[in-house]
file entry.csv (CSV, C-alpha atoms)
chain,number,residue,atom,x,y,z
N,1,LEU,CA,-61.6,246.1,27.6
N,2,ASN,CA,-60.7,249.6,26.6
N,3,GLU,CA,-60.8,250.7,22.9
N,4,SER,CA,-57.0,250.4,22.5
N,5,VAL,CA,-57.0,246.7,23.4
N,6,ARG,CA,-60.0,246.1,21.1
N,7,ARG,CA,-58.3,247.8,18.3
N,8,LYS,CA,-55.2,245.6,18.7
N,9,GLN,CA,-57.4,242.5,18.9
N,10,ARG,CA,-59.1,243.5,15.6
N,11,TYR,CA,-55.8,244.2,14.0
N,12,MET,CA,-54.4,240.8,15.1
N,13,SER,CA,-57.5,239.0,14.0
N,14,LYS,CA,-57.4,240.6,10.5
N,15,ALA,CA,-53.6,239.9,10.2
N,16,LEU,CA,-54.2,236.2,11.1
N,17,ASP,CA,-57.0,236.0,8.5
N,18,HIS,CA,-54.8,237.5,5.8
N,19,TYR,CA,-51.9,235.3,6.7
N,20,VAL,CA,-53.9,232.1,6.6
N,21,GLY,CA,-55.6,233.1,3.4
N,22,TYR,CA,-52.2,233.9,1.9
N,23,THR,CA,-50.5,230.6,2.9
N,24,GLY,CA,-53.5,228.5,1.8
N,25,SER,CA,-52.0,228.7,-1.7
N,26,TYR,CA,-49.0,226.3,-2.4
N,27,TYR,CA,-47.2,229.1,-4.3
N,28,ASN,CA,-47.6,231.5,-1.4
N,29,HIS,CA,-46.8,228.9,1.3
N,30,ASP,CA,-43.5,228.3,-0.6
N,31,LYS,CA,-42.8,232.1,-0.4
N,32,VAL,CA,-43.1,232.0,3.4
N,33,LEU,CA,-40.9,228.9,3.7
N,34,LYS,CA,-38.3,230.6,1.4
N,35,THR,CA,-38.3,233.8,3.5
N,36,PHE,CA,-37.8,231.9,6.7
N,37,GLY,CA,-35.1,229.7,5.2
N,38,TYR,CA,-33.1,232.7,3.9
N,39,SER,CA,-33.6,234.5,7.1
N,40,CYS,CA,-31.9,231.6,8.9
N,41,SER,CA,-29.0,231.6,6.4
N,42,THR,CA,-28.6,235.4,6.6
N,43,LEU,CA,-28.6,235.4,10.4
N,44,ALA,CA,-26.0,232.6,10.3
N,45,ALA,CA,-23.8,234.6,8.1
N,46,PHE,CA,-24.2,237.7,10.3
N,47,ILE,CA,-23.2,235.6,13.4
N,48,ARG,CA,-20.1,234.4,11.6
N,49,PHE,CA,-19.2,238.0,10.6
N,50,LEU,CA,-19.4,239.1,14.3
N,51,ARG,CA,-17.1,236.2,15.2
N,52,LEU,CA,-18.9,235.5,18.5
N,53,ASN,CA,-17.1,233.1,20.7
N,54,ASP,CA,-20.3,231.1,21.4
N,55,GLY,CA,-21.9,231.7,18.0
N,56,LYS,CA,-20.4,228.8,16.0
N,57,VAL,CA,-23.0,226.2,17.1
N,58,LEU,CA,-25.9,228.6,16.5
N,59,SER,CA,-24.6,229.6,13.0
N,60,GLU,CA,-24.1,226.0,12.0
N,61,SER,CA,-27.6,225.1,13.3
N,62,LEU,CA,-29.2,227.9,11.4
N,63,ASP,CA,-27.3,226.8,8.2
N,64,LYS,CA,-28.5,223.2,8.8
N,65,LEU,CA,-32.1,224.5,9.2
N,66,TYR,CA,-31.8,226.5,6.0
N,67,GLY,CA,-30.6,223.3,4.2
N,68,GLU,CA,-33.5,221.3,5.5
N,69,ILE,CA,-36.0,224.0,4.3
N,70,SER,CA,-34.3,224.1,0.9
N,71,MET,CA,-34.7,220.4,0.5
N,72,THR,CA,-38.3,220.5,1.6
N,73,ARG,CA,-39.0,223.1,-1.0
N,74,CYS,CA,-37.4,220.8,-3.6
N,75,LEU,CA,-39.8,218.1,-2.6
N,76,THR,CA,-42.9,220.4,-2.9
N,77,ARG,CA,-41.7,221.4,-6.4
N,78,PHE,CA,-42.5,217.9,-7.6
N,79,ILE,CA,-45.7,219.4,-8.9
N,80,GLY,CA,-43.8,221.9,-11.0
N,81,THR,CA,-43.6,219.7,-14.2
N,82,THR,CA,-47.4,219.3,-14.4
N,83,ASP,CA,-47.9,223.0,-13.8
N,84,ALA,CA,-45.6,223.8,-16.7
N,85,LEU,CA,-47.3,221.3,-19.0
N,86,GLU,CA,-50.7,222.9,-18.1
N,87,ALA,CA,-49.2,226.3,-19.0
N,88,LEU,CA,-48.2,224.9,-22.4
N,89,LYS,CA,-51.6,223.4,-23.0
N,90,ASN,CA,-53.7,226.4,-22.0
N,91,ASP,CA,-51.2,229.4,-22.2
N,92,SER,CA,-52.2,230.1,-18.6
N,93,TRP,CA,-48.9,231.9,-17.9
N,94,ALA,CA,-49.5,234.4,-20.7
N,95,GLY,CA,-52.3,236.4,-19.1
N,96,ASP,CA,-54.5,238.8,-21.1
N,97,TRP,CA,-51.7,241.0,-22.4
N,98,LYS,CA,-52.1,242.4,-25.9
N,99,ASP,CA,-48.4,242.1,-27.0
N,100,GLY,CA,-48.0,238.7,-28.6
N,101,ARG,CA,-44.4,238.5,-27.5
N,102,ILE,CA,-45.5,237.9,-23.9
N,103,LYS,CA,-47.4,234.8,-25.0
N,104,SER,CA,-44.4,233.5,-26.9
N,105,LEU,CA,-42.0,234.2,-24.0
N,106,ALA,CA,-44.4,232.6,-21.5
N,107,ARG,CA,-44.5,229.4,-23.6
N,108,PHE,CA,-40.7,229.5,-23.7
N,109,GLN,CA,-40.7,229.8,-19.9
N,110,ALA,CA,-43.0,226.8,-19.6
N,111,TRP,CA,-40.7,224.7,-21.8
N,112,THR,CA,-37.7,225.6,-19.6
N,113,MET,CA,-39.6,224.5,-16.5
N,114,VAL,CA,-40.6,221.2,-18.2
N,115,LEU,CA,-36.9,220.5,-18.4
N,116,TYR,CA,-35.8,222.2,-15.1
N,117,HIS,CA,-38.1,220.3,-12.7
N,118,PRO,CA,-37.2,216.7,-13.7
N,119,MET,CA,-33.5,217.5,-13.5
N,120,GLU,CA,-34.0,219.0,-10.1
N,121,HIS,CA,-36.0,215.9,-9.1
N,122,ILE,CA,-33.0,213.7,-10.1
N,123,GLY,CA,-30.7,215.8,-8.0
N,124,TYR,CA,-33.0,215.7,-5.0
N,125,LEU,CA,-33.5,211.9,-5.2
N,126,SER,CA,-29.7,211.4,-5.6
N,127,TYR,CA,-29.3,213.0,-2.2
N,128,ILE,CA,-32.2,211.3,-0.5
N,129,ILE,CA,-32.0,207.7,-1.9
N,130,PRO,CA,-28.5,207.4,-3.4
N,131,LYS,CA,-28.7,203.6,-3.6
N,132,VAL,CA,-31.7,203.9,-6.0
N,133,PHE,CA,-30.5,207.1,-7.8
N,134,PRO,CA,-26.6,206.7,-7.8
N,135,TYR,CA,-26.0,210.0,-9.6
N,136,ASN,CA,-24.1,213.1,-8.9
N,137,GLY,CA,-26.8,215.3,-7.3
N,138,ASP,CA,-24.7,218.4,-7.4
N,139,TRP,CA,-24.2,218.1,-11.2
N,140,TRP,CA,-28.0,217.6,-11.8
N,141,PHE,CA,-28.9,220.6,-9.6
N,142,ALA,CA,-26.4,222.8,-11.4
N,143,ARG,CA,-27.5,221.7,-14.9
N,144,SER,CA,-31.2,222.3,-14.0
N,145,CYS,CA,-30.3,225.9,-13.0
N,146,LEU,CA,-29.3,226.6,-16.6
N,147,PHE,CA,-32.9,226.2,-17.6
N,148,TRP,CA,-33.9,228.4,-14.6
N,149,LEU,CA,-31.5,231.0,-15.9
N,150,ALA,CA,-33.2,230.9,-19.3
N,151,TYR,CA,-36.6,231.3,-17.5
N,152,LEU,CA,-35.3,234.4,-15.6
N,153,VAL,CA,-33.9,236.1,-18.7
N,154,ALA,CA,-37.3,235.6,-20.4
N,155,ASP,CA,-39.1,237.0,-17.4
N,156,LEU,CA,-36.9,240.1,-17.5
N,157,CYS,CA,-37.9,240.6,-21.1
N,158,ILE,CA,-41.6,240.1,-20.2
N,159,CYS,CA,-41.3,242.7,-17.5
N,160,LEU,CA,-39.9,245.3,-20.0
N,161,ILE,CA,-42.6,244.5,-22.5
N,162,LYS,CA,-45.3,244.7,-19.9
N,163,SER,CA,-43.9,248.0,-18.7
N,164,ARG,CA,-44.3,249.6,-22.1
N,165,GLU,CA,-47.9,248.2,-22.5
N,166,LEU,CA,-48.8,249.5,-19.1
N,167,ASN,CA,-47.5,252.9,-19.9
N,168,ARG,CA,-49.7,253.0,-23.0
N,169,MET,CA,-52.7,251.9,-20.9
N,170,GLU,CA,-51.9,254.6,-18.3
N,171,LYS,CA,-51.8,257.3,-21.0
N,172,LYS,CA,-55.1,256.0,-22.4
N,173,ALA,CA,-56.8,256.1,-19.0
N,174,LEU,CA,-55.6,259.7,-18.3
N,175,LYS,CA,-56.9,260.8,-21.6
N,176,GLU,CA,-60.3,259.2,-20.9
N,177,ILE,CA,-60.4,260.9,-17.6
N,178,ALA,CA,-59.7,264.3,-19.2
N,179,GLU,CA,-62.3,263.8,-21.9
N,180,ALA,CA,-65.0,262.2,-19.7
N,181,GLN,CA,-68.4,263.5,-20.5
N,182,SER,CA,-70.1,262.2,-17.4
N,183,GLU,CA,-69.4,261.2,-13.9
N,184,GLY,CA,-69.8,257.5,-14.8
N,185,GLU,CA,-67.3,257.7,-17.6
N,186,ARG,CA,-64.8,259.5,-15.3
N,187,GLU,CA,-65.3,256.9,-12.5
N,188,LYS,CA,-64.8,254.0,-15.0
N,189,ALA,CA,-61.6,255.5,-16.3
N,190,GLU,CA,-60.3,256.3,-12.7
N,191,ASN,CA,-61.0,252.7,-11.7
N,192,PHE,CA,-59.1,251.5,-14.8
N,193,LEU,CA,-56.2,253.8,-13.9
N,194,SER,CA,-56.1,252.4,-10.4
N,195,LYS,CA,-55.9,248.9,-11.8
N,196,VAL,CA,-53.1,249.9,-14.1
N,197,GLY,CA,-51.2,251.4,-11.2
N,198,LYS,CA,-51.4,248.2,-9.2
N,199,LEU,CA,-50.2,246.2,-12.2
N,200,LYS,CA,-47.3,248.6,-12.7
N,201,PHE,CA,-46.3,248.2,-9.0
N,202,SER,CA,-46.4,244.4,-9.3
N,203,ASN,CA,-44.4,244.5,-12.5
N,204,LYS,CA,-41.7,246.6,-10.9
N,205,ILE,CA,-41.5,244.3,-7.9
N,206,GLN,CA,-41.2,241.3,-10.3
N,207,PHE,CA,-38.3,243.1,-12.1
N,208,PHE,CA,-36.5,243.6,-8.8
N,209,ARG,CA,-37.1,240.0,-7.8
N,210,ASN,CA,-35.4,238.8,-11.0
N,211,PHE,CA,-32.6,241.3,-10.3
N,212,PHE,CA,-31.9,239.5,-7.0
N,213,TYR,CA,-32.6,236.1,-8.4
N,214,LEU,CA,-30.0,236.3,-11.3
N,215,PRO,CA,-26.7,236.3,-9.4
N,216,ASN,CA,-27.8,233.3,-7.3
N,217,CYS,CA,-29.0,231.4,-10.3
N,218,VAL,CA,-25.7,231.9,-12.1
N,219,ASN,CA,-23.9,230.8,-8.8
N,220,TRP,CA,-26.0,227.6,-8.7
N,221,CYS,CA,-25.3,226.8,-12.4
N,222,TYR,CA,-21.8,225.7,-11.2
N,223,VAL,CA,-21.2,222.6,-9.2
N,224,LYS,CA,-18.6,224.6,-7.1
N,225,PRO,CA,-20.4,227.8,-6.0
N,226,LEU,CA,-18.9,231.1,-7.1
N,227,PHE,CA,-20.2,233.3,-4.3
N,228,PRO,CA,-19.9,233.1,-0.5
N,229,LYS,CA,-22.8,231.9,1.6
N,230,SER,CA,-23.4,235.4,3.0
N,231,LEU,CA,-24.0,236.9,-0.4
N,232,VAL,CA,-26.2,234.1,-1.5
N,233,ALA,CA,-28.3,234.4,1.7
N,234,THR,CA,-28.6,238.2,1.4
N,235,LEU,CA,-29.7,238.1,-2.2
N,236,GLY,CA,-32.1,235.2,-1.5
N,237,LEU,CA,-33.7,237.0,1.5
N,238,SER,CA,-34.0,240.3,-0.5
N,239,GLU,CA,-35.9,238.5,-3.3
N,240,ALA,CA,-38.1,236.6,-0.8
N,241,ILE,CA,-39.1,239.9,0.9
N,242,PHE,CA,-39.9,241.5,-2.4
N,243,GLY,CA,-42.0,238.4,-3.3
N,244,LEU,CA,-44.0,238.8,-0.1
N,245,ILE,CA,-44.5,242.5,-0.7
N,246,GLN,CA,-45.7,241.8,-4.3
N,247,ASN,CA,-48.8,239.8,-3.5
N,248,PHE,CA,-49.5,239.7,0.3
N,249,PRO,CA,-53.2,240.6,0.8
N,250,ARG,CA,-53.8,244.2,1.9
N,251,SER,CA,-56.6,245.7,3.9
N,252,ASN,CA,-59.1,247.7,1.9
call {"tool": "encode", "arguments": {"input": "entry.csv", "output": "structure tokens"}}
result
Amino acid sequence: LNESVRRKQRYMSKALDHYVGYTGSYYNHDKVLKTFGYSCSTLAAFIRFLRLNDGKVLSESLDKLYGEISMTRCLTRFIGTTDALEALKNDSWAGDWKDGRIKSLARFQAWTMVLYHPMEHIGYLSYIIPKVFPYNGDWWFARSCLFWLAYLVADLCICLIKSRELNRMEKKALKEIAEAQSEGEREKAENFLSKVGKLKFSNKIQFFRNFFYLPNCVNWCYVKPLFPKSLVATLGLSEAIFGLIQNFPRSN
């Protein structure tokens, strides 16, 4: 094999390792499912926009696949309540940030999820086993999204607070680099600056994810949707792509 083929094989092998390592986490596996689901829905909307003569069956099939993926994700979120309770117990969503408001907002988010998930479970079960759960699933899904909306507003506030703290950390690192008395001190400050840069990037991505999340969340707070499927799909796919960019493993 020539060098070009070997290089491609090494690249494919590394990409496979990264992908499998990424999807080994429940949280990341859900991101991949979400991206695939919204890709189906967006493609279905695009086919309808083109008004292809033979595209009706394909667009309906893609929408059905999107629906099945969405319901599968609802099922996998059955662990969400316990995750939120753990966050309340250990403050695991707060991180190591110095600003105390982040901890308070993270606890608020956990409380919203303690309420959100059981309501979503009732909505899901009302669709799957209506004889056992004879409730209006659409109503329960819509009401659960009110708590998700509160979660998102809190997350936007967290992003803004983190941004200010990261800016202060960046200024401190730059000052330490300028005042470094030895190569070791300079290297330590540069490493810290690099870490801050990565955190700033992740925080900006999180802000954009919330920006795309919010309209859909408001839309789903109503039993009768406000927005067309095409807009919902485009916003959902945009958020999903930003989510993959945010934490997909990168080569060193």
call {"tool": "closest_atom_pairs", "arguments": {"input": "entry.csv", "of": "stretch 119-172 of chain N", "to": "stretch 211-220 of chain N", "cutoff": "7 Å", "atoms": "only C-alpha atoms", "output": "CSV"}}
result
residue,atom,partner,partner_atom,distance
N:Ala142,CA,N:Trp220,CA,5.5
N:Cys145,CA,N:Cys217,CA,6.3
N:Leu149,CA,N:Cys217,CA,6.1
call {"tool": "residues_around", "arguments": {"input": "entry.csv", "residues": "N:Ser39", "least_positions_apart": "6", "cutoff": "9 Å", "atoms": "all atoms listed in the file", "output": "VMD selection string"}}
result
chain N and resid 66 233 to 234 236 to 237
call {"tool": "closest_residue", "arguments": {"input": "entry.csv", "among": "N:Met169, N:Leu226, N:Ile69, N:Ile79", "to": "N:Thr35", "atoms": "all atoms listed in the file"}}
result
N:Ile69
call {"tool": "atom_distance", "arguments": {"input": "entry.csv", "atom1": "atom CA of N:Gly55", "atom2": "atom CA of N:Thr42"}}
result
13.7 Å
call {"tool": "closest_residue", "arguments": {"input": "entry.csv", "among": "N:Thr76, N:Asp99, N:Val132, N:Lys171", "to": "N:Tyr26", "atoms": "all atoms listed in the file"}}
result
N:Thr76
call {"tool": "atom_distance", "arguments": {"input": "entry.csv", "atom1": "atom CA of N:Phe201", "atom2": "atom CA of N:Ser13"}}
result
27.2 Å
call {"tool": "residues_around", "arguments": {"input": "entry.csv", "residues": "stretch 70-73 of chain N", "least_positions_apart": "5", "cutoff": "12 Å", "atoms": "all atoms listed in the file", "output": "number ranges by chain"}}
result
N: 26-27, 29-38, 40-41, 63-65, 78-80, 120-121, 123-128, 141, 233, 236
call {"tool": "closest_residue", "arguments": {"input": "entry.csv", "among": "N:Pro225, N:Asp155, N:Arg7, N:Leu174", "to": "N:Glu187", "atoms": "only C-alpha atoms"}}
result
N:Leu174
call {"tool": "closest_atom_pairs", "arguments": {"input": "entry.csv", "of": "stretch 141-227 of chain N", "to": "stretch 109-116 of chain N", "cutoff": "10 Å", "atoms": "all atoms listed in the file", "output": "Markdown table"}}
result
| residue | atom | partner | partner_atom | distance |
| --- | --- | --- | --- | --- |
| N:Phe141 | CA | N:Tyr116 | CA | 9.0 |
| N:Arg143 | CA | N:Tyr116 | CA | 8.3 |
| N:Ser144 | CA | N:Tyr116 | CA | 4.7 |
| N:Cys145 | CA | N:Tyr116 | CA | 7.0 |
| N:Leu146 | CA | N:Tyr116 | CA | 8.0 |
| N:Phe147 | CA | N:Thr112 | CA | 5.2 |
| N:Trp148 | CA | N:Tyr116 | CA | 6.5 |
| N:Leu149 | CA | N:Thr112 | CA | 9.0 |
| N:Ala150 | CA | N:Thr112 | CA | 7.0 |
| N:Tyr151 | CA | N:Gln109 | CA | 5.0 |
| N:Leu152 | CA | N:Gln109 | CA | 8.3 |
| N:Val153 | CA | N:Gln109 | CA | 9.3 |
| N:Ala154 | CA | N:Gln109 | CA | 6.7 |
| N:Asp155 | CA | N:Gln109 | CA | 7.8 |
call {"tool": "write_last_selection", "arguments": {"input": "entry.csv", "atoms": "C-alpha atoms", "output": "PDB file, in the coordinates of the input"}}
result
ATOM      1  CA  PHE N 141     -28.900 220.600  -9.600  1.00  0.00           C
ATOM      2  CA  ARG N 143     -27.500 221.700 -14.900  1.00  0.00           C
ATOM      3  CA  SER N 144     -31.200 222.300 -14.000  1.00  0.00           C
ATOM      4  CA  CYS N 145     -30.300 225.900 -13.000  1.00  0.00           C
ATOM      5  CA  LEU N 146     -29.300 226.600 -16.600  1.00  0.00           C
ATOM      6  CA  PHE N 147     -32.900 226.200 -17.600  1.00  0.00           C
ATOM      7  CA  TRP N 148     -33.900 228.400 -14.600  1.00  0.00           C
ATOM      8  CA  LEU N 149     -31.500 231.000 -15.900  1.00  0.00           C
ATOM      9  CA  ALA N 150     -33.200 230.900 -19.300  1.00  0.00           C
ATOM     10  CA  TYR N 151     -36.600 231.300 -17.500  1.00  0.00           C
ATOM     11  CA  LEU N 152     -35.300 234.400 -15.600  1.00  0.00           C
ATOM     12  CA  VAL N 153     -33.900 236.100 -18.700  1.00  0.00           C
ATOM     13  CA  ALA N 154     -37.300 235.600 -20.400  1.00  0.00           C
ATOM     14  CA  ASP N 155     -39.100 237.000 -17.400  1.00  0.00           C
TER      15      ASP N 155
END
call {"tool": "closest_residue", "arguments": {"input": "entry.csv", "among": "N:Ala173, N:Ser4, N:Tyr135, N:Lys200", "to": "N:Lys188", "atoms": "only C-alpha atoms"}}
result
N:Ala173
call {"tool": "closest_residue", "arguments": {"input": "entry.csv", "among": "N:Asp17, N:Glu190, N:Asp91, N:Glu3", "to": "N:Arg107", "atoms": "only C-alpha atoms"}}
result
N:Asp91
call {"tool": "atom_distance", "arguments": {"input": "entry.csv", "atom1": "atom CA of N:Ala240", "atom2": "atom CA of N:Leu75"}}
result
18.7 Å
call {"tool": "build_atoms", "arguments": {"input": "entry.csv", "residues": "stretch 82-98 of chain N", "atoms": "N, CA and C atoms", "output": "PDB file, keeping the file's coordinate frame"}}
result
ATOM      1  N   THR N  82     -45.975 219.308 -13.951  1.00  0.00           N
ATOM      2  CA  THR N  82     -47.400 219.300 -14.400  1.00  0.00           C
ATOM      3  C   THR N  82     -47.900 220.734 -14.554  1.00  0.00           C
ATOM      4  N   ASP N  83     -47.474 221.641 -13.667  1.00  0.00           N
ATOM      5  CA  ASP N  83     -47.900 223.000 -13.800  1.00  0.00           C
ATOM      6  C   ASP N  83     -47.381 223.618 -15.134  1.00  0.00           C
ATOM      7  N   ALA N  84     -46.136 223.285 -15.484  1.00  0.00           N
ATOM      8  CA  ALA N  84     -45.600 223.800 -16.700  1.00  0.00           C
ATOM      9  C   ALA N  84     -46.269 223.189 -17.938  1.00  0.00           C
ATOM     10  N   LEU N  85     -46.597 221.904 -17.870  1.00  0.00           N
ATOM     11  CA  LEU N  85     -47.300 221.300 -19.000  1.00  0.00           C
ATOM     12  C   LEU N  85     -48.707 221.882 -19.163  1.00  0.00           C
ATOM     13  N   GLU N  86     -49.364 222.199 -18.041  1.00  0.00           N
ATOM     14  CA  GLU N  86     -50.700 222.900 -18.100  1.00  0.00           C
ATOM     15  C   GLU N  86     -50.538 224.225 -18.760  1.00  0.00           C
ATOM     16  N   ALA N  87     -49.451 224.938 -18.450  1.00  0.00           N
ATOM     17  CA  ALA N  87     -49.200 226.300 -19.000  1.00  0.00           C
ATOM     18  C   ALA N  87     -49.019 226.154 -20.551  1.00  0.00           C
ATOM     19  N   LEU N  88     -48.342 225.100 -20.996  1.00  0.00           N
ATOM     20  CA  LEU N  88     -48.200 224.900 -22.400  1.00  0.00           C
ATOM     21  C   LEU N  88     -49.492 224.572 -23.099  1.00  0.00           C
ATOM     22  N   LYS N  89     -50.324 223.810 -22.412  1.00  0.00           N
ATOM     23  CA  LYS N  89     -51.600 223.400 -23.000  1.00  0.00           C
ATOM     24  C   LYS N  89     -52.596 224.549 -23.088  1.00  0.00           C
ATOM     25  N   ASN N  90     -52.647 225.385 -22.040  1.00  0.00           N
ATOM     26  CA  ASN N  90     -53.700 226.400 -22.000  1.00  0.00           C
ATOM     27  C   ASN N  90     -53.162 227.857 -22.044  1.00  0.00           C
ATOM     28  N   ASP N  91     -51.840 228.012 -22.196  1.00  0.00           N
ATOM     29  CA  ASP N  91     -51.200 229.400 -22.200  1.00  0.00           C
ATOM     30  C   ASP N  91     -51.622 230.154 -20.953  1.00  0.00           C
ATOM     31  N   SER N  92     -51.690 229.466 -19.817  1.00  0.00           N
ATOM     32  CA  SER N  92     -52.200 230.100 -18.600  1.00  0.00           C
ATOM     33  C   SER N  92     -51.125 231.073 -17.986  1.00  0.00           C
ATOM     34  N   TRP N  93     -49.886 230.998 -18.418  1.00  0.00           N
ATOM     35  CA  TRP N  93     -48.900 231.900 -17.900  1.00  0.00           C
ATOM     36  C   TRP N  93     -48.816 233.216 -18.734  1.00  0.00           C
ATOM     37  N   ALA N  94     -49.563 233.265 -19.828  1.00  0.00           N
ATOM     38  CA  ALA N  94     -49.500 234.400 -20.700  1.00  0.00           C
ATOM     39  C   ALA N  94     -50.332 235.586 -20.268  1.00  0.00           C
ATOM     40  N   GLY N  95     -51.412 235.312 -19.542  1.00  0.00           N
ATOM     41  CA  GLY N  95     -52.300 236.400 -19.100  1.00  0.00           C
ATOM     42  C   GLY N  95     -53.097 236.959 -20.268  1.00  0.00           C
ATOM     43  N   ASP N  96     -53.634 238.160 -20.067  1.00  0.00           N
ATOM     44  CA  ASP N  96     -54.500 238.800 -21.100  1.00  0.00           C
ATOM     45  C   ASP N  96     -53.789 239.978 -21.747  1.00  0.00           C
ATOM     46  N   TRP N  97     -52.463 239.921 -21.827  1.00  0.00           N
ATOM     47  CA  TRP N  97     -51.700 241.000 -22.400  1.00  0.00           C
ATOM     48  C   TRP N  97     -51.888 241.047 -23.929  1.00  0.00           C
ATOM     49  N   LYS N  98     -51.855 242.236 -24.502  1.00  0.00           N
ATOM     50  CA  LYS N  98     -52.100 242.400 -25.900  1.00  0.00           C
ATOM     51  C   LYS N  98     -50.839 242.071 -26.766  1.00  0.00           C
TER      52      LYS N  98
END
